[in-house]
Amino acid sequence: MCEDTIAAISTPLGEGGIGIIKISGPEAVSIAGKVFKPKRGGWDGEKSHTLVYGHIYDSHTGQAVDEVLVSCMKAPYTYTREDVVEINCHGGIVPLRKVLELVLAEGARMAEPGEFSKRAFLNGRLDLAQAESIIDVIRSKTEDGLKIAVSQLKGDLSLKIDELKKRLLGILAQVEANIDFPDENLEEATGSNIIISSEELLKEIKKMVIESEAGIVYREGIRAAIIGKPNVGKSSLLNAVLKQKRAIVTDIPGTTRDVIEEIVNIRGIPLRIIDTAGLHKTDDLVEKIGVERTKEMIEQADLVLLVLDAAIGLSDQDFEIIDSIGEKKSLVLVNKVDVKKSIINQGDLDRLAGGRPVLWISAEQGTGLDKMEEVIVEMVLGGQIVRSDTLLVANIRHKQALEKAACYLEEAVSGVKSMFPVDIVAIDLRAAWEALGEITGSTVTEDLIDRIFKDFCIGK
Amino acid sequence: MVYSAGNYDVIVVGAGHAGCEAGLAAARMGCRTLVITLNMDNVALMPCNPAVGGPAKGHLVREVDALGGEIGLNTDRASIQMRLLNIGKGPAVQALRAQTDKKHYQISMKRVLEGQENLDLKQALAERLLIEKGKICGVLTSTGAIFKAEAIVVTAGTYLKGRIVIGDLSFPGGPNGQFPSVGLSDSLSELGVRMGRFKTGTPPRVDQKSIDFSKMSIQPGDEKPYQFSFVSPFVEREQMPCWLTYTTEETNRIIRENLHRSPLFTGSIQSQGPRYCPSIETKVVRFSDKPAHQVFIEPEGKDTAEMYVQGMSTSLPEDVQLAMLRTLPGMEKVEMMRAGYAIEYDYVFPGQLKLSLETKIIPGLFTAGQINGTSGYEEAAAQGIIAGINAALFTKNREPFILKRSQAYIGVMIDDLVTKEIDEPYRMLTSRAEYRLLLRQDNADLRLTEMGYEIGLVSKERYETYIRKQKLVEEERSRLERTVVPVSADTKKILGEINGAGLPQQGITLAGLLRRPEVSYGDLLLLPMSHPDLPEEVREQVKIQVKYEGYIKKQQSQAERIKRLEEKKLPTDIDYRKVKGLSMEAMEKMENIKPVSIGQAGRIAGVTPADLSVLLIFLEQNRRNKNRNHS
Ligand SMILES: Nc1nc2c(ncn2[C@@H]2O[C@H](COP(=O)(O)OP(=O)(O)OP(=O)(O)O)[C@@H](O)[C@H]2O)c(=O)[nH]1
Ligand SMILES: [Mg+2]
C-alpha cells in the first residue's frame, strides 16, 4: 500500500525522561537520516533491526538536540509492516518534543490516534480479534483530543485562531468574489491590500509560534498542590514562594479553609501553586468542605508538596495523608528547620517518604527554597512531571498548523511581489486558511462561499 | 387509449439545455434515442438571461465542448457579443462569456437535433415513468403513447409542479408562459424519489425603443472575439453592445414602500432561492446602505426589441415593477414587455444519485439539469452530456463515465451535488474547485478530448487535431527548456528594452527567461534566433504551462495524493448502522449517501478522519472474514 510516513511520541515519558519517537512509512529511514548523526560511521539505514547511538541535530541551528539511540527496522518484519524507525530520547520533554518537530519538518505527518495499530491491522499484521480494540483507541483518543480541542477552543488560543481565520477569509472572499463575479463592480483586493493584510497576519502567527515553542508546560504551567496537617506552615510556604503576603498566616490550626491558587514563575516555568486547607479529622462543616476540596486538588495536581512540621514530629495522620497522594509525583518538605530542635526521627521520615525526595526548609526564613525550586524545575524539564499526553500532542499539532499557515502566507506575499496573478496568490491564501482550519477542523469552501455572499451584494 | 408508440435504447424527457446534450450524446454514441419536449417551439429555450458562460460556467461549456457536446458550438453560432472576463486575474479564472440571440440559439440547436442520426425529436408531455422488475422501461405520455427504452434521462428543468408568482398573483406554470408538468413529479415520488422545492426568478423584459441609451454607458464586446468551441469555424460576426445603468434612491424607496406586496417578504414564497441571484428587493433589504445597484440592459436577440434587465430579478407586482424600472436613468419612459416573476418548482434531492447521475433506487433512470437542484444553462448542459453518456453506456452494459474533481469542473459539480447536501440552487463557482489551476478553460481540450474520443463522442478528425496540438505544445515546451539564450550585445539590448528585464545570467534558457514575471512569450520571439511559427493557442498553452509550472505541479501532487483515497472503493451495500465505532452523524450521512470511495466519504460534512479509519478497519475485517469463510 502506498502511504505517507507518520510519526508520533509512541511511549510517553517514563522515569528518567526516556521517551520514544516512532516513525513508520516509506520515508521513515530517509527522514531519520536527515535529523540523526550516528556517533560512528554514517546512517544508511541499510541494515535492518539495528540499534545505533548518536545525536539528533537541528539543521537550522546546527546544534545537537538530544543524545539518542535509534533503531531501524525494515519492512516487512515490523509492527506496521512498513519501514519503522524508533528514536529513543533521553533528554526529557523539551528535547523529545523538539525531535518530533524536526522529524515532522522533514516531511513526516503527525500520526492520528491509533494510526500505527491501524496500519498494522490493514497490512495484515494483527489478527481480527484485535481490530475492535484499535477502533476503541481511535474513537476514545479522538474524543479525548476533541475534549482538549474544545477546552482550548474556549481559551485565548482558539479565540485568537478564530479571529485570524476570520480576517484571512475576509481577504480571500474579496479576491474570490471578484473572480467569480467580475461584472459586479466590487471593491478589488489589490496586491498591496493582500500584502498588508498577509503581513499583519504573519506577524501575529509567528508570535504565536514562538509562544507555543516554549511548549504546553511553559504556557499552561504545572499545578503544584501544597498539602499537610493544619498549622505546619503551608500558607507560609505559599507566601514565601510568591514573595508576598497572599495567604493569611496564624498560629491557629485551621486558618486556611478554602483553596488559594496563584501563579508564580520559577526559572521560566509557570507554577500554578495551590494552598489548601490542612488535612485532619473534623466535625466543623466549613472545615470539612475545605478538606474535601483539598482532596480534589490532590487529584488535579501534577505535583504534590507535602509539608511536615519539624517542631512537632510525625504522626499517623502524616502517613494517612501520604497514602492519599498515591503515585502522584511529590516532594516531602520538612518545614520550620529554624526551630531549635527537630524531633523528627530519620527512620520514620525515610519510611514516610518512601523514596520521594525530602527537603529541609524554613518558610519563614526562606532557607532551602532555592534548592526546592531547583528540584521542581529538574523534575519538570526532566520529564518526570508531564501534562497529559494528548494535550502535548494537541499543542504540537497547533504549532505545526501555525507554521504551515505562516509559510503559505509568506508565499502569497512573495507571489504578489513577483507579480503573479490573483488566482495564483489565492491558492496560497486558501492553503493558509486551511492550515488554520486544521486546528478547529473546518474546511474552506463552504465558509468561503458563505462569506462572499455575506460581504458582497451579488446577483443579476 | 394507451398504445405502443415505439422502442428506443434511450429516452430523454425534456429538450432544454440538459436534454439536448443528453439526447445528442446518446445518439452520437450509437443509441436509438428519443427526445420528447412538451413544446416543439421551445427546444433549447433560454428563459432567463440571454448569455452563456462567465467564470466557472464558461469552463463548463469548454469542457462539454471538449467531450464532444453541442453547447459551445451552438453558443458560437448564436453569439451576438463575446467578452473574455478576468483577463488580468490569471490563467485559471479567465473566462469567456457570450451574449446570445435567444431565438437563433433555439433554432440552430433544434436543427442539430433534427439532423442527428439515431435521434427522434417529438412533442409530448411525459405523464408517468414505467417500471418493470424494478428497472425503468419506458414512459407514458399524456396522449396515451407508450415509448419503451432501457434507459431514461429526465431533464424536466423547473417544470415539475411549477408555480409562477408575481406579487399577489400566483398560478401553476412553467417558465416563460409554459405549462407545468405535474404528473411526472408525482410519478417520481411514487417511485420513491424524494423531492424538495426551490425557487428562482427572472427580471422584466423591456422595449428597446422606449429606452434612452444616451443616459447609460455602453458595454461593447471584445475587439478580437474568442469562441467557445475548440472547433468552431471562425466567422466574422457583428457584435451588439450591452448597456449599464444604476438603481437610484428613488428605486430603493419604491421597493421599500412596496415590500408588503412582495411574496418574498409576505411569506407567500417559502422555498429557498439562490444567494448569487437574489431579487432586487432582497438586495435592497440586505444591503440597505448601498445607494445604487448596477443594472445591465442586454439585447435578447437581433430580431427583437426585447431587452433583458439584468440585476432586476423580481417577483413584485407588475405595477411596482414598472414604477421601479422608470426610476433608472435612461428608463424614465420605459415600456415593459414581459414582467419579471418568481418560479417555485420541485427538484430531486441529488444525494439520491450516483456519480453517473443514475438514480440509486431505479436502475436505468437518470436525472440531469435543474431537476437536480442546479441553476444555469451551463450546469444543465454539463449534467446532460454526462447523463446521456452514462445512459448510453448503461444500455451497452459498460462501466459508467465519471470525471474526477481533479479532471473537470463537471467532476467537481457532480461530486458536490451527490455528496454535499445542497440547500440552495447550485451554481458553479471557480471557488468550488480545489484544483482550479489544473482546470483551466484553455486546457479543457487537453484534459478531455481523449476521453471524449474513447467513449465515441469525439470524431477521429477532431481527435487528430487535438493530438497535433498537443504535439506542438510538447515540442515548443522542450525547445524553450533546451535553448540557451546567447549572451550577445544584441540580446542584452533587446532584454534591456523589455520593461525592467535585467541581463540574463550565463546560460539562462528561454524557459527560464519566460518564468521571470516581467517577460512575456511575445518578448522571447524578439530574440535573434529562429522561432517556430505556431498557432496562437499553442503559444498561449506553452506560456501558461511554463510560467506557472511550480504551482501547477503543486496542485498535481495534491491531486495525486487525494487520488489514493478515491481509489479505495466502498461497496454500496454496506449497512453503516452495523459499523461499530462510527459517530452517529457519520453513520446517518453515510447510510444516506452511500459514498463509493473513502475519498468521497471524506467529503461528506460531519465525517471525520477517525470515521474514515474506522471504515478502513471495517473493510479489512470484512475482507478477512470472507476469506476465512471461503477457505
Ligand atoms: N519557626 C517557624 N514558624 C513557622 C514557619 N513556617 C510557618 N511558621 C508558623 O507556623 C504557624 C502556621 O503557619 P501557617 O502558614 O498558617 O500554617 P498552615 O499550614 O497554613 O495552617 P492551616 O492553614 O491552619 O492549615 C504560623 O504561626 C507561622 O508563623 C517556619 O518556617 N518557622
Ligand atoms: Mg494555611
# chains A, B, ... in the order shown; residues from 1 in each chain; ligands from 1
>>> residues_near_ligand(ligand="ligand 1", cutoff="6 Å", atoms="only C-alpha atoms and all ligand atoms", output="PyMOL selection string")
chain A and resi 230-236+249-256+277-278+335-336+338-339+362-364
>>> interface_residues(of="chain B", to="chain A", cutoff="7 Å", atoms="only C-alpha atoms", output="VMD selection string")
chain B and resid 55 85 to 86 88 to 90 92 to 93 275 to 278 283 287 310 to 313 429 to 432 517 581 610 614 617 620 to 621
>>> residues_around(residues="segment 417-426 of chain B", least_positions_apart="4", cutoff="8 Å", atoms="only C-alpha atoms", output="NGL selection string")
:B and (198-199 or 272-275 or 350-355 or 372-375 or 413 or 593 or 595 or 600-601 or 603-605)
>>> residues_around(residues="Lys209 of chain B", least_positions_apart="5", cutoff="9 Å", atoms="only C-alpha atoms", output="list in words")
Ala305, Val334 and Glu335 of chain B
>>> atom_distance(atom1="atom CA of Asn625 of chain B", atom2="atom CA of Ala120 of chain A")
17.1 Å
